[in-house]
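Take a look at the structure set out below.
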Amino acid sequence: MQKWNLGATDPLSLTLATDSRFSVPDYGNDHIWEIEMAGGEPAGINLRTTYGLRARSMRVYPCFSEGDISVCDPADFLKPPRVTAFYASFLEISFSPLKDLNVTLEYWVPDSHTVSSRISVNDRSAKERKIGIELAAVLSPLDGEIFQPEQMQGVNILAGKTGNLSPLIFLTGGPAHGTAPQPSLNLKFTLEPGGKRQFTWAQAALKEKEASFEMARKTLTRSWDAERACIELTNTSETIEIETGDKNWDTAFALSQQSAFRLLFGANEELPNQSFVNARQPDHGNSLRGDGKDYSANWSGQTPLESYYLANLLPARPDLGQGFIKNFIAQQDNEGNIDHKVGLAGQRSKILATPFLASTTWKLYEKSQDKEFLTDVYPTLQKFFWAWFSPEHDRNHDTLPEWDHPLQSGFENHPLFSFWHPWARGVDISTVHSPSLFAALYGEAQALIKISHIVGKKNDITVLKAQIDLLQQGLAKCWEPRISAFKYIDRDSGLAQRGKVIIRETGSGEIKLKEKFEKAIRVQIEIKPKDKSTRRPTAEITEFVTKVGDDEFLSALDFKPTDGGAVATSKKVFSKIGKITIDDIGDEDKVIIRSVDLRTEDHTQLLPLWAEMMDENQARTLVSRTVCDAERFKRPFGLPACPKPPTKTAEATCLSVHLPWNLLIAEGLLAYGYKEEATRLYARLMNAIIQNLKDNNAFYENYNAEVGTGLGERNALVGLVPLGLFLEILGVRILSDKKVRLEGENPFPWAVRVRYRGLDIKREMTETLITFPNGKQVQITDVSPCLVSI
């Protein structure tokens, strides 16, 4: 078990929430906490929450006194706080507030409504001392009352009210009510030379004060030592310890695994296996409905790409990833459709899932070697794959489907397809052939072929290979040699033309164009109301001015709301346009008619590298001229979403680094033998992550590619460290504590030690020493792939 001694300048992430491996989190009413080791108001070692925004703030902090000296602020401590242990629901901090007085604070969140702490005080002097501990609590309710000193059943407590909760604090040791400015419980006690005392407190927040009191009292009867031992033993068996030549990396790996476990929720009647939320912070966890159906996107379900990523974060628990796959297939309908986002409260996105499920399944099999799992899920995954080729998703019947919604692409803030940014175009993504969709489906087909060999369904291989050929043909049309990259092309014309504004007008009525186009264009109509009010416009595009041609009518439903009005994309392409008629808008509303411009570059277009759809020469070109070009994707802190933002205001979104996409591209680099490039990319990602863990004590949803600044939600799933990718670059695959697969050299600048359930792997540059749990040692000097077992 790794030992920690982390201070204010080290990487830290100090969120605490109940761990689904030891309790059943309350999805609709979950209290999440965070430790602040310095600062805050008031200054102290603050344990804080907002109960999911049911309070402005709730803080609990200890003060220590001896004689006339009293200290609360860690800045005044003789020795500052150091984190010495951390888990998803447990944290230990050690410090010396006074001379020769060592204090250890242990924090534990046993369930969704309770938090508890044990205070251990150890005298290192040679004299008897009188010490005071004051536990202060500051509640700033939105609707209720601050903590008040009260007595229940002969016990001095602090009780308050905020929203529908009645927080209550119970401290052991027979405390008196404090006299400090803040509500507090005060203990005075004598310490013998070298003596030690322990006290525990619990905070419970249920609807009624009496229920909170009973919950707090019950929590204090539990054995701290037994509970901690259980937490430590479980984590030793379910996490992978990494020891590199860089302490910051080691810390980030450990923090990330615990943060990932913290995101898990147990199975329920809606999902048959464990699922997860995308972030779990003090402002989260409060459903006004009580059942979670009103939660925002971060708490409304699992998607295929997020499931793929979380499985990579916890390589020691492939069973979790298997459960995520089973959650998806449990929702499959008779046509093979699987919803893109399935939630614990029955939430559904009502769009088809991104095709990453078979690929994820194969990745999980490589770690678990679980053939029974493959046999169980193969028929469902096969059916899901073919659902993507139905007419509903293949609108022009060319055997090549289109995305239905930007959410499926894993990049909803795309400057070409997003509706909600003023700099985005709002093009209908279903009118475009996307390299990322072809690559994802290709990856699914390849995974299904591999699975079919194992489960004895070889008759399926021929038709899968035929579909692979079609996908490769479709992707070939997307390749642009001039820029050494894949591009979006129009689904009907097969072109990626330079768009332009055709005409600008105001108000309703007939707009005569009489335009002919050398190459067919797709039309986009944008309405910008002068008064910013919502409009429900309609439009008709006609080939001729006076006679019927290949015309198209755009209904109010075809116009999608945008940041500045509404926009619609034509379903057809036009070689000539006689007139366009706009109805149901204001006389001074602006009308902009343009041809669609598909010239944009983003990280999803690199997915064919991950899918291994290219020959060696094409892959070399893509890697050298696109992925590793400093003017395009090679940036100091990772691959940006869009290397060339359309406007200055778009930079924050476009230059953001999305770790799941960087993971996929790094896996593609490894697949084609570009280990050095993958290693350098991983190091740049780690620099961004560690910078934010040090500066802000948090992982972030995204990171700026140029300066590494954290963006979006704190401690989000998609901002955690992809540990599985690190092991893949290292050339280590742990199949069990008795079986390891090694391949290649260690590309990192230091030796790496990997520990798992008594298995110890020391990986030098060209040789590896494996020590198995029974003490047997094996030394490997061959860089060829090999399987080592006992």
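Every chain in the structure tokens takes a letter, A first, then B, and so on in the order presented; its residues are numbered from 1, and the ligands are numbered from 1 following the presented order.
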
Strand (DSSP E or B) positions in region 558-704 of chain A, given as a PyMOL selection string: chain A and resi 560-561+566-583+590-595+640+656-657+700-704

Okay, now the selection with N, CA and C atoms, as a tab-separated table (two decimals), in the first residue's frame?
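Output saved as out_22.tsv:
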chain	number	residue	atom	x	y	z
A	560	LYS	N	-33.96	25.07	-36.32
A	560	LYS	CA	-33.52	24.79	-34.96
A	560	LYS	C	-33.14	26.09	-34.26
A	561	PRO	N	-33.56	26.26	-33.00
A	561	PRO	CA	-33.20	27.48	-32.26
A	561	PRO	C	-31.70	27.59	-32.07
A	566	ALA	N	-32.67	31.32	-35.40
A	566	ALA	CA	-33.00	29.96	-35.86
A	566	ALA	C	-32.26	29.69	-37.15
A	567	VAL	N	-32.00	28.40	-37.41
A	567	VAL	CA	-31.29	28.02	-38.62
A	567	VAL	C	-31.83	26.70	-39.13
A	568	ALA	N	-31.86	26.55	-40.46
A	568	ALA	CA	-32.30	25.31	-41.09
A	568	ALA	C	-31.35	24.96	-42.23
A	569	THR	N	-31.14	23.67	-42.41
A	569	THR	CA	-30.30	23.16	-43.49
A	569	THR	C	-31.19	22.38	-44.45
A	570	SER	N	-31.03	22.62	-45.74
A	570	SER	CA	-31.87	21.91	-46.72
A	570	SER	C	-31.53	20.42	-46.72
A	571	LYS	N	-32.55	19.61	-46.97
A	571	LYS	CA	-32.36	18.17	-47.04
A	571	LYS	C	-31.82	17.75	-48.41
A	572	LYS	N	-32.03	18.61	-49.41
A	572	LYS	CA	-31.57	18.32	-50.76
A	572	LYS	C	-30.38	19.21	-51.12
A	573	VAL	N	-29.70	18.85	-52.20
A	573	VAL	CA	-28.69	19.74	-52.76
A	573	VAL	C	-29.25	20.32	-54.06
A	574	PHE	N	-28.78	21.51	-54.43
A	574	PHE	CA	-29.35	22.23	-55.57
A	574	PHE	C	-28.25	22.67	-56.53
A	575	SER	N	-28.52	22.45	-57.83
A	575	SER	CA	-27.63	22.96	-58.88
A	575	SER	C	-28.10	24.32	-59.38
A	576	LYS	N	-29.36	24.61	-59.11
A	576	LYS	CA	-29.88	25.95	-59.43
A	576	LYS	C	-31.02	26.27	-58.48
A	577	ILE	N	-31.17	27.56	-58.19
A	577	ILE	CA	-32.23	28.04	-57.31
A	577	ILE	C	-32.88	29.24	-57.97
A	578	GLY	N	-34.17	29.14	-58.16
A	578	GLY	CA	-34.91	30.26	-58.74
A	578	GLY	C	-35.29	31.27	-57.68
A	579	LYS	N	-35.90	30.80	-56.60
A	579	LYS	CA	-36.32	31.71	-55.53
A	579	LYS	C	-36.43	30.96	-54.22
A	580	ILE	N	-36.41	31.72	-53.14
A	580	ILE	CA	-36.63	31.18	-51.80
A	580	ILE	C	-37.67	32.06	-51.12
A	581	THR	N	-38.69	31.44	-50.59
A	581	THR	CA	-39.77	32.18	-49.94
A	581	THR	C	-39.71	31.94	-48.43
A	582	ILE	N	-39.66	33.02	-47.67
A	582	ILE	CA	-39.58	32.95	-46.21
A	582	ILE	C	-40.89	33.47	-45.64
A	583	ASP	N	-41.48	32.76	-44.71
A	583	ASP	CA	-42.72	33.19	-44.07
A	583	ASP	C	-42.58	33.16	-42.54
A	590	LYS	N	-33.49	39.73	-39.83
A	590	LYS	CA	-32.47	39.48	-40.84
A	590	LYS	C	-32.57	38.04	-41.37
A	591	VAL	N	-32.35	37.89	-42.67
A	591	VAL	CA	-32.31	36.58	-43.31
A	591	VAL	C	-30.96	36.44	-44.00
A	592	ILE	N	-30.26	35.37	-43.66
A	592	ILE	CA	-28.97	35.10	-44.31
A	592	ILE	C	-29.07	33.74	-45.00
A	593	ILE	N	-28.86	33.72	-46.30
A	593	ILE	CA	-28.89	32.48	-47.07
A	593	ILE	C	-27.48	32.19	-47.56
A	594	ARG	N	-26.98	31.02	-47.24
A	594	ARG	CA	-25.60	30.67	-47.61
A	594	ARG	C	-25.54	29.23	-48.07
A	595	SER	N	-24.47	28.91	-48.74
A	595	SER	CA	-24.18	27.51	-49.05
A	595	SER	C	-23.34	26.96	-47.90
A	640	PRO	N	-5.82	19.59	-29.44
A	640	PRO	CA	-7.03	20.40	-29.27
A	640	PRO	C	-8.20	19.84	-30.06
A	656	SER	N	-9.74	23.41	-26.52
A	656	SER	CA	-9.83	22.55	-25.35
A	656	SER	C	-9.37	21.13	-25.71
A	657	VAL	N	-8.70	20.50	-24.76
A	657	VAL	CA	-8.23	19.13	-24.92
A	657	VAL	C	-9.24	18.18	-24.30
A	700	TYR	N	-10.12	18.48	-14.30
A	700	TYR	CA	-11.11	19.30	-15.00
A	700	TYR	C	-11.64	18.56	-16.22
A	701	GLU	N	-12.82	18.99	-16.63
A	701	GLU	CA	-13.49	18.36	-17.76
A	701	GLU	C	-12.63	18.43	-19.02
A	702	ASN	N	-12.03	19.59	-19.28
A	702	ASN	CA	-11.13	19.79	-20.42
A	702	ASN	C	-9.93	20.62	-19.96
A	703	TYR	N	-8.93	20.69	-20.82
A	703	TYR	CA	-7.73	21.47	-20.52
A	703	TYR	C	-7.35	22.28	-21.76
A	704	ASN	N	-6.92	23.53	-21.56
A	704	ASN	CA	-6.53	24.35	-22.70
A	704	ASN	C	-5.25	23.81	-23.31

Helix (DSSP H, G or I) per DSSP on the backbone: members of region 236-389 of chain A, as a ChimeraX atom specification: /A:236-238,247-262,297-299,304-313,318-329,357-368,371-387

For those residues, write C-alpha atoms to a file as a PDB file, in the first residue's frame.
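Saved as selection15.pdb:
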ATOM      1  CA  THR A 236      -5.519  -2.752  -2.409  1.00  0.00           C
ATOM      2  CA  SER A 237      -7.279  -5.469  -4.403  1.00  0.00           C
ATOM      3  CA  GLU A 238      -9.030  -3.152  -6.893  1.00  0.00           C
ATOM      4  CA  LYS A 247       6.104  11.663  -7.581  1.00  0.00           C
ATOM      5  CA  ASN A 248       3.537  13.926  -9.244  1.00  0.00           C
ATOM      6  CA  TRP A 249       2.635  11.234 -11.751  1.00  0.00           C
ATOM      7  CA  ASP A 250       2.306   8.625  -8.993  1.00  0.00           C
ATOM      8  CA  THR A 251      -0.042  10.892  -7.054  1.00  0.00           C
ATOM      9  CA  ALA A 252      -2.166  11.710 -10.099  1.00  0.00           C
ATOM     10  CA  PHE A 253      -2.568   7.997 -10.921  1.00  0.00           C
ATOM     11  CA  ALA A 254      -3.766   7.241  -7.378  1.00  0.00           C
ATOM     12  CA  LEU A 255      -6.059  10.279  -7.122  1.00  0.00           C
ATOM     13  CA  SER A 256      -7.607   9.479 -10.494  1.00  0.00           C
ATOM     14  CA  GLN A 257      -8.514   5.905  -9.583  1.00  0.00           C
ATOM     15  CA  GLN A 258     -10.194   7.028  -6.357  1.00  0.00           C
ATOM     16  CA  SER A 259     -12.032   9.816  -8.193  1.00  0.00           C
ATOM     17  CA  ALA A 260     -13.289   7.249 -10.712  1.00  0.00           C
ATOM     18  CA  PHE A 261     -14.579   4.945  -7.960  1.00  0.00           C
ATOM     19  CA  ARG A 262     -16.332   7.935  -6.409  1.00  0.00           C
ATOM     20  CA  ALA A 297     -26.485  16.179 -18.231  1.00  0.00           C
ATOM     21  CA  ASN A 298     -23.681  15.326 -15.787  1.00  0.00           C
ATOM     22  CA  TRP A 299     -26.029  13.126 -13.742  1.00  0.00           C
ATOM     23  CA  PRO A 304     -20.673   4.736 -24.928  1.00  0.00           C
ATOM     24  CA  LEU A 305     -17.622   7.012 -25.163  1.00  0.00           C
ATOM     25  CA  GLU A 306     -17.710   7.816 -21.432  1.00  0.00           C
ATOM     26  CA  SER A 307     -18.082   4.105 -20.669  1.00  0.00           C
ATOM     27  CA  TYR A 308     -15.071   3.326 -22.873  1.00  0.00           C
ATOM     28  CA  TYR A 309     -13.085   5.975 -21.037  1.00  0.00           C
ATOM     29  CA  LEU A 310     -14.082   4.927 -17.513  1.00  0.00           C
ATOM     30  CA  ALA A 311     -13.121   1.337 -18.310  1.00  0.00           C
ATOM     31  CA  ASN A 312      -9.665   2.666 -19.226  1.00  0.00           C
ATOM     32  CA  LEU A 313      -9.409   4.596 -15.940  1.00  0.00           C
ATOM     33  CA  PRO A 318     -12.880  -4.926 -16.185  1.00  0.00           C
ATOM     34  CA  ASP A 319     -16.067  -6.270 -14.596  1.00  0.00           C
ATOM     35  CA  LEU A 320     -17.269  -2.684 -14.200  1.00  0.00           C
ATOM     36  CA  GLY A 321     -16.944  -2.081 -17.930  1.00  0.00           C
ATOM     37  CA  GLN A 322     -18.812  -5.317 -18.579  1.00  0.00           C
ATOM     38  CA  GLY A 323     -21.619  -3.969 -16.430  1.00  0.00           C
ATOM     39  CA  PHE A 324     -21.735  -0.734 -18.431  1.00  0.00           C
ATOM     40  CA  ILE A 325     -22.122  -2.755 -21.648  1.00  0.00           C
ATOM     41  CA  LYS A 326     -24.901  -4.851 -20.093  1.00  0.00           C
ATOM     42  CA  ASN A 327     -26.708  -1.662 -19.038  1.00  0.00           C
ATOM     43  CA  PHE A 328     -26.821  -0.579 -22.672  1.00  0.00           C
ATOM     44  CA  ILE A 329     -27.934  -3.881 -24.138  1.00  0.00           C
ATOM     45  CA  LEU A 357     -19.956  -0.949 -27.669  1.00  0.00           C
ATOM     46  CA  ALA A 358     -18.319  -3.902 -29.467  1.00  0.00           C
ATOM     47  CA  SER A 359     -14.958  -2.107 -29.398  1.00  0.00           C
ATOM     48  CA  THR A 360     -15.287  -1.596 -25.648  1.00  0.00           C
ATOM     49  CA  THR A 361     -16.323  -5.225 -25.221  1.00  0.00           C
ATOM     50  CA  TRP A 362     -13.207  -6.454 -27.019  1.00  0.00           C
ATOM     51  CA  LYS A 363     -10.957  -4.176 -24.946  1.00  0.00           C
ATOM     52  CA  LEU A 364     -12.512  -5.601 -21.786  1.00  0.00           C
ATOM     53  CA  TYR A 365     -11.999  -9.160 -23.026  1.00  0.00           C
ATOM     54  CA  GLU A 366      -8.306  -8.485 -23.622  1.00  0.00           C
ATOM     55  CA  LYS A 367      -7.988  -7.739 -19.900  1.00  0.00           C
ATOM     56  CA  SER A 368     -10.434 -10.265 -18.429  1.00  0.00           C
ATOM     57  CA  LYS A 371     -15.404 -15.816 -22.874  1.00  0.00           C
ATOM     58  CA  GLU A 372     -18.777 -16.200 -21.176  1.00  0.00           C
ATOM     59  CA  PHE A 373     -19.231 -12.424 -21.300  1.00  0.00           C
ATOM     60  CA  LEU A 374     -18.511 -12.403 -25.037  1.00  0.00           C
ATOM     61  CA  THR A 375     -21.004 -15.203 -25.631  1.00  0.00           C
ATOM     62  CA  ASP A 376     -23.700 -13.372 -23.677  1.00  0.00           C
ATOM     63  CA  VAL A 377     -23.400 -10.016 -25.423  1.00  0.00           C
ATOM     64  CA  TYR A 378     -22.384 -10.971 -28.975  1.00  0.00           C
ATOM     65  CA  PRO A 379     -25.904 -11.416 -30.473  1.00  0.00           C
ATOM     66  CA  THR A 380     -27.017  -8.068 -29.086  1.00  0.00           C
ATOM     67  CA  LEU A 381     -23.918  -6.238 -30.294  1.00  0.00           C
ATOM     68  CA  GLN A 382     -24.301  -7.779 -33.736  1.00  0.00           C
ATOM     69  CA  LYS A 383     -27.895  -6.573 -33.946  1.00  0.00           C
ATOM     70  CA  PHE A 384     -26.908  -3.107 -32.730  1.00  0.00           C
ATOM     71  CA  PHE A 385     -24.205  -2.809 -35.384  1.00  0.00           C
ATOM     72  CA  TRP A 386     -26.667  -3.445 -38.193  1.00  0.00           C
ATOM     73  CA  ALA A 387     -29.195  -1.007 -36.733  1.00  0.00           C
TER      74      ALA A 387
END

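Of note, CA of Phe419 (chain A) and CA of His658 (chain A) are spaced 19.9 Å apart.
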
Test item: residues at most 7 Å from region 67-84 of chain A, only C-alpha atoms, excluding those fewer than 6 positions along its chain, as a ChimeraX atom specification: /A:3-7,37-38,43-45,92-99

Output the selection as an mmCIF file, in the first residue's frame - N, CA and C atoms for each residue.
data_model
loop_
_atom_site.group_PDB
_atom_site.id
_atom_site.type_symbol
_atom_site.label_atom_id
_atom_site.label_comp_id
_atom_site.auth_asym_id
_atom_site.auth_seq_id
_atom_site.Cartn_x
_atom_site.Cartn_y
_atom_site.Cartn_z
ATOM 1 N N LYS A 3 2.372 4.897 0.574
ATOM 2 C CA LYS A 3 2.347 5.862 1.660
ATOM 3 C C LYS A 3 2.397 7.267 1.054
ATOM 4 N N TRP A 4 1.615 8.158 1.619
ATOM 5 C CA TRP A 4 1.532 9.513 1.080
ATOM 6 C C TRP A 4 1.916 10.542 2.130
ATOM 7 N N ASN A 5 2.441 11.661 1.641
ATOM 8 C CA ASN A 5 2.766 12.793 2.507
ATOM 9 C C ASN A 5 2.686 14.046 1.643
ATOM 10 N N LEU A 6 1.464 14.463 1.360
ATOM 11 C CA LEU A 6 1.195 15.486 0.363
ATOM 12 C C LEU A 6 0.835 16.812 1.017
ATOM 13 N N GLY A 7 1.523 17.862 0.597
ATOM 14 C CA GLY A 7 1.258 19.192 1.119
ATOM 15 C C GLY A 7 0.589 20.092 0.103
ATOM 16 N N MET A 37 -7.689 22.604 2.770
ATOM 17 C CA MET A 37 -6.630 22.544 3.785
ATOM 18 C C MET A 37 -6.076 23.919 4.136
ATOM 19 N N ALA A 38 -6.500 24.931 3.436
ATOM 20 C CA ALA A 38 -6.048 26.285 3.732
ATOM 21 C C ALA A 38 -7.077 27.266 3.207
ATOM 22 N N ALA A 43 -11.024 30.870 7.951
ATOM 23 C CA ALA A 43 -9.828 30.102 7.618
ATOM 24 C C ALA A 43 -9.683 28.919 8.564
ATOM 25 N N GLY A 44 -9.462 27.746 8.002
ATOM 26 C CA GLY A 44 -9.311 26.547 8.807
ATOM 27 C C GLY A 44 -9.196 25.345 7.893
ATOM 28 N N ILE A 45 -9.067 24.162 8.485
ATOM 29 C CA ILE A 45 -9.179 22.932 7.700
ATOM 30 C C ILE A 45 -10.673 22.680 7.563
ATOM 31 N N GLU A 92 -7.204 11.183 5.249
ATOM 32 C CA GLU A 92 -6.468 11.385 6.498
ATOM 33 C C GLU A 92 -5.503 12.553 6.324
ATOM 34 N N ILE A 93 -5.506 13.456 7.319
ATOM 35 C CA ILE A 93 -4.645 14.631 7.316
ATOM 36 C C ILE A 93 -3.897 14.689 8.644
ATOM 37 N N SER A 94 -2.592 14.952 8.592
ATOM 38 C CA SER A 94 -1.785 15.051 9.805
ATOM 39 C C SER A 94 -1.104 16.411 9.854
ATOM 40 N N PHE A 95 -0.918 16.935 11.091
ATOM 41 C CA PHE A 95 -0.306 18.253 11.272
ATOM 42 C C PHE A 95 0.015 18.450 12.754
ATOM 43 N N SER A 96 0.692 19.552 13.039
ATOM 44 C CA SER A 96 0.987 19.926 14.438
ATOM 45 C C SER A 96 0.515 21.351 14.663
ATOM 46 N N PRO A 97 -0.635 21.534 15.304
ATOM 47 C CA PRO A 97 -1.131 22.893 15.517
ATOM 48 C C PRO A 97 -0.362 23.637 16.615
ATOM 49 N N LEU A 98 0.172 22.884 17.581
ATOM 50 C CA LEU A 98 0.897 23.461 18.709
ATOM 51 C C LEU A 98 2.207 22.703 18.900
ATOM 52 N N LYS A 99 3.113 23.272 19.632
ATOM 53 C CA LYS A 99 4.409 22.640 19.854
ATOM 54 C C LYS A 99 4.240 21.275 20.508
#

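What separates CA of Ser287 (chain A) from CA of Asp30 (chain A) is a distance of 8.9 Å.
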
Nearest to Gly266 (chain A) by atom-to-atom distance, counting only C-alpha atoms, from A:Arg763, A:Arg21, A:Arg757, A:Arg504: A:Arg21

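CA of Ala539 (chain A) is positioned 14.8 Å from CA of Ile503 (chain A).
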